[in-house]
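One structure below.
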Amino acid sequence: MTTLYVSHPSALDHAMPEGHPERADRIRAVERALEDERFAGLLRGQAPKAEPSVPTLVHPVPYVQALIEASPTDGYVQIDGDTLLSPGTIEAALRGVGGAVHAIDAVMAGECANAFVAMRPPGHHAERMTAMGFCVFNNAAIAARHAREAHGASRVAIVDWDVHHGNGTQDIFWDDRAVMYASTHEMPLFPGTGTTSERGNHDTIVNVPLRAGDDGPVFREAFEAGILRRLDAFAPDLIIISAGFDAHHLDPLGHVELTEADFGWATRRLMELAHRHAGGRVVSVLEGGYSLKGLGLSVAAHVDALMGR
């Protein structure tokens with residue numbers, strides 16, 4: 001099974017102040033994990049830089065233009081309490097978008113079975129008109145819309161297991177019949193959204209909240225009953241994973257007690273569903289994960305599963 005790994009050195013240039021959890025060392029931890037000899041069979045590609053028009057698949061033109069114009073030549077521009085622009089942010093963000101779109105193109109064309117895109121900043125908190133929660137452009141949402149418009153995908157599922165709810169992705173697809181957004185996440189926790197009653201205008205939003213202290217068995221039961229059954233009924237022809245790894249028990253920003261084995265299990269279960277409905281097509285994009293050790297272990301388990309192990 002051929003897996004494409006997509007990244008780019010610009011992900012390191014999205015600089016954050018000392019002590020900020022969304023730091024360049026996250027990408028270094030991913031790279032170290034995937035240097036292991038068992039990943040020698042990965043296809044490796046660099047994320048192309050998307051044109052500024054590409055984020056407008058889900059974000060209005062004025063939003064994209066305002067962020068580009070706000071980009072500093074030195075120092076930082078504060079978007080909110082957690083989200084900043086540095087001189088390298090827009091380049092990294094556009095390559096994050098480009099990497100996600102490139103992965104969609106490769107998987108839809110049959111050039112690889114599946115793909116993992118490791119870029120930063122992450123994306124799932126970015127709403128149509130609001131950058132927040134470390135996120136600038138919503139990579140997973142842009143990838144889903146690109147799959148629909150460029151490749152004719154009729155039903156796309158986005159599965160988000162980040163410990164924080166992907167309010168941005170939910171906002172973007174609230175009124176979209178053709179995209180199902182399904183999320184497990186800790187509640188209560190930032191950003192405060194993601195209750196089971198938030199279902200979208202066409203019942204295509206699926207929220208399965210977890211509580212602080214929930215462990216692997218609780219997560220697996222919730223994932224099976226709350227998400228996989230709904231996805232099976234939806235029968236997507238592409239699955240996109242918002243792959244945040246901050247529900248790992250080592251992570252400093254969450255309180256869910258998962259291990260890397262749980263992420264491997266969830267990946268395999270989604271792959272089984274993708275083989276049933278989507279010709280095996282899966283594209284995964286990195287979201288959170290702020291323990292460097294937990295992130296490295298989790299990425300290795302996730303990519304192992306993508307590679308069919």
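Convention: chains lettered A, B, ... in structure tokens order; per-chain residue numbering from 1; ligands numbered from 1 as shown.
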**OP:** Could you please write out, as a ChimeraX atom specification, every residue of range 87-193 of chain A that DSSP assigns to helix (DSSP H, G or I)?
**Re:** /A:89-108,139-151,167-173
Generate a file of the selected residues that holds N, CA and C atoms, formatted as a CSV table (one decimal), in the first residue's frame.
chain,number,residue,atom,x,y,z
A,89,THR,N,4.6,33.1,8.3
A,89,THR,CA,3.3,32.4,8.5
A,89,THR,C,2.5,32.2,7.2
A,90,ILE,N,2.4,33.3,6.4
A,90,ILE,CA,1.5,33.1,5.2
A,90,ILE,C,2.1,32.2,4.2
A,91,GLU,N,3.4,32.2,4.1
A,91,GLU,CA,4.1,31.2,3.2
A,91,GLU,C,3.8,29.8,3.7
A,92,ALA,N,4.0,29.5,5.0
A,92,ALA,CA,3.7,28.2,5.6
A,92,ALA,C,2.2,27.8,5.4
A,93,ALA,N,1.3,28.8,5.6
A,93,ALA,CA,-0.1,28.5,5.6
A,93,ALA,C,-0.5,28.2,4.1
A,94,LEU,N,0.0,28.9,3.2
A,94,LEU,CA,-0.3,28.6,1.8
A,94,LEU,C,0.3,27.3,1.3
A,95,ARG,N,1.4,26.9,1.9
A,95,ARG,CA,2.0,25.6,1.5
A,95,ARG,C,1.2,24.5,2.3
A,96,GLY,N,0.6,24.8,3.4
A,96,GLY,CA,-0.2,23.9,4.1
A,96,GLY,C,-1.5,23.6,3.2
A,97,VAL,N,-2.1,24.7,2.7
A,97,VAL,CA,-3.2,24.5,1.8
A,97,VAL,C,-2.7,23.8,0.5
A,98,GLY,N,-1.6,24.2,0.0
A,98,GLY,CA,-1.1,23.5,-1.3
A,98,GLY,C,-0.8,22.0,-1.0
A,99,GLY,N,-0.3,21.7,0.1
A,99,GLY,CA,0.0,20.3,0.4
A,99,GLY,C,-1.2,19.5,0.5
A,100,ALA,N,-2.3,20.0,1.2
A,100,ALA,CA,-3.5,19.3,1.3
A,100,ALA,C,-4.2,19.1,-0.1
A,101,VAL,N,-4.2,20.1,-0.9
A,101,VAL,CA,-4.7,20.0,-2.3
A,101,VAL,C,-3.9,19.0,-3.1
A,102,HIS,N,-2.6,19.1,-3.0
A,102,HIS,CA,-1.7,18.1,-3.7
A,102,HIS,C,-2.0,16.7,-3.3
A,103,ALA,N,-2.2,16.5,-2.0
A,103,ALA,CA,-2.5,15.1,-1.6
A,103,ALA,C,-3.8,14.6,-2.1
A,104,ILE,N,-4.8,15.5,-2.2
A,104,ILE,CA,-6.1,15.2,-2.7
A,104,ILE,C,-6.0,14.8,-4.2
A,105,ASP,N,-5.2,15.6,-5.0
A,105,ASP,CA,-5.0,15.3,-6.4
A,105,ASP,C,-4.3,13.9,-6.6
A,106,ALA,N,-3.3,13.7,-5.8
A,106,ALA,CA,-2.6,12.4,-5.9
A,106,ALA,C,-3.4,11.2,-5.6
A,107,VAL,N,-4.2,11.3,-4.5
A,107,VAL,CA,-5.1,10.2,-4.1
A,107,VAL,C,-6.2,10.0,-5.1
A,108,MET,N,-6.8,11.1,-5.5
A,108,MET,CA,-7.9,10.9,-6.5
A,108,MET,C,-7.5,10.4,-7.8
A,139,ASN,N,-7.2,23.9,6.3
A,139,ASN,CA,-6.7,23.0,5.3
A,139,ASN,C,-7.6,21.8,5.0
A,140,ALA,N,-8.2,21.2,6.0
A,140,ALA,CA,-9.1,20.0,5.7
A,140,ALA,C,-10.3,20.4,4.9
A,141,ALA,N,-10.9,21.6,5.3
A,141,ALA,CA,-12.1,22.1,4.6
A,141,ALA,C,-11.8,22.4,3.2
A,142,ILE,N,-10.7,23.1,2.9
A,142,ILE,CA,-10.3,23.4,1.6
A,142,ILE,C,-10.0,22.2,0.8
A,143,ALA,N,-9.4,21.2,1.4
A,143,ALA,CA,-9.2,19.9,0.7
A,143,ALA,C,-10.5,19.3,0.3
A,144,ALA,N,-11.5,19.3,1.2
A,144,ALA,CA,-12.8,18.7,0.9
A,144,ALA,C,-13.5,19.4,-0.3
A,145,ARG,N,-13.5,20.7,-0.2
A,145,ARG,CA,-14.1,21.5,-1.3
A,145,ARG,C,-13.4,21.3,-2.6
A,146,HIS,N,-12.1,21.2,-2.6
A,146,HIS,CA,-11.3,21.0,-3.8
A,146,HIS,C,-11.7,19.6,-4.4
A,147,ALA,N,-11.8,18.6,-3.5
A,147,ALA,CA,-12.2,17.3,-4.0
A,147,ALA,C,-13.5,17.3,-4.7
A,148,ARG,N,-14.4,18.1,-4.2
A,148,ARG,CA,-15.8,18.2,-4.7
A,148,ARG,C,-15.7,18.9,-6.1
A,149,GLU,N,-15.0,20.0,-6.1
A,149,GLU,CA,-15.1,20.9,-7.3
A,149,GLU,C,-14.1,20.4,-8.4
A,150,ALA,N,-12.9,19.9,-8.1
A,150,ALA,CA,-12.0,19.5,-9.1
A,150,ALA,C,-12.1,18.1,-9.5
A,151,HIS,N,-12.6,17.2,-8.6
A,151,HIS,CA,-12.6,15.8,-8.9
A,151,HIS,C,-14.0,15.2,-8.9
A,167,ASN,N,-14.3,23.7,15.4
A,167,ASN,CA,-15.4,24.7,15.2
A,167,ASN,C,-15.4,25.3,13.8
A,168,GLY,N,-14.2,25.5,13.3
A,168,GLY,CA,-14.1,26.1,11.9
A,168,GLY,C,-14.6,25.2,10.9
A,169,THR,N,-14.3,23.9,10.9
A,169,THR,CA,-14.8,23.0,9.9
A,169,THR,C,-16.3,22.9,10.0
A,170,GLN,N,-16.8,22.8,11.2
A,170,GLN,CA,-18.2,22.7,11.4
A,170,GLN,C,-18.9,24.0,10.9
A,171,ASP,N,-18.4,25.1,11.1
A,171,ASP,CA,-18.9,26.4,10.6
A,171,ASP,C,-19.0,26.4,9.1
A,172,ILE,N,-18.0,25.9,8.5
A,172,ILE,CA,-17.9,26.0,7.0
A,172,ILE,C,-18.9,25.1,6.4
A,173,PHE,N,-19.1,23.9,6.9
A,173,PHE,CA,-20.0,22.9,6.3
A,173,PHE,C,-21.3,22.7,7.0
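When the distance limit is 9 Å and only C-alpha atoms are what count, the residues near Asn201 in chain A, minus those fewer than 3 positions from it on the same chain, are Trp174, Asp175, Asp176, Arg177, Thr204 and Ile205 of chain A.
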Counting only C-alpha atoms, which residues of range 226-292 of chain A fall within 12 Å of range 180-183 of chain A, and what is the closest atom pair for each with its distance in Å at one decimal, ordered by chain and rising number, as a Markdown table?
| residue | atom | partner | partner_atom | distance |
| --- | --- | --- | --- | --- |
| A:Gly226 | CA | A:Ala182 | CA | 8.8 |
| A:Ile227 | CA | A:Ala182 | CA | 6.3 |
| A:Leu228 | CA | A:Ala182 | CA | 9.2 |
| A:Arg229 | CA | A:Ala182 | CA | 11.0 |
| A:Arg230 | CA | A:Ala182 | CA | 8.7 |
| A:Leu231 | CA | A:Met180 | CA | 7.9 |
| A:Asp232 | CA | A:Met180 | CA | 11.3 |
| A:Ala233 | CA | A:Met180 | CA | 10.9 |
| A:Phe234 | CA | A:Met180 | CA | 7.8 |
| A:Ala235 | CA | A:Met180 | CA | 10.0 |
| A:Pro236 | CA | A:Met180 | CA | 8.4 |
| A:Asp237 | CA | A:Met180 | CA | 11.3 |
| A:Leu238 | CA | A:Met180 | CA | 10.6 |
| A:Ile239 | CA | A:Met180 | CA | 9.6 |
| A:Ile240 | CA | A:Tyr181 | CA | 9.6 |
| A:Ile241 | CA | A:Ala182 | CA | 9.7 |
| A:Ser242 | CA | A:Ser183 | CA | 9.0 |
| A:Ala243 | CA | A:Ser183 | CA | 10.7 |
| A:Gly244 | CA | A:Ser183 | CA | 10.9 |
| A:Leu270 | CA | A:Ala182 | CA | 11.9 |
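Counting from CA of Pro121 in chain A, the distance to CA of Phe190 in chain A is 17.2 Å.
For Pro60 in chain A, the residues within 10 Å (counting only C-alpha atoms, excluding itself and residues fewer than 6 positions away along the chain) are A:Ser53, A:Arg128, A:Met129.
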Subject >> Nearest to Leu57 in chain A, chosen from A:Ala70, A:Asn138, A:Arg23, A:Val299, with only C-alpha atoms counted in the distances >> reply: A:Asn138
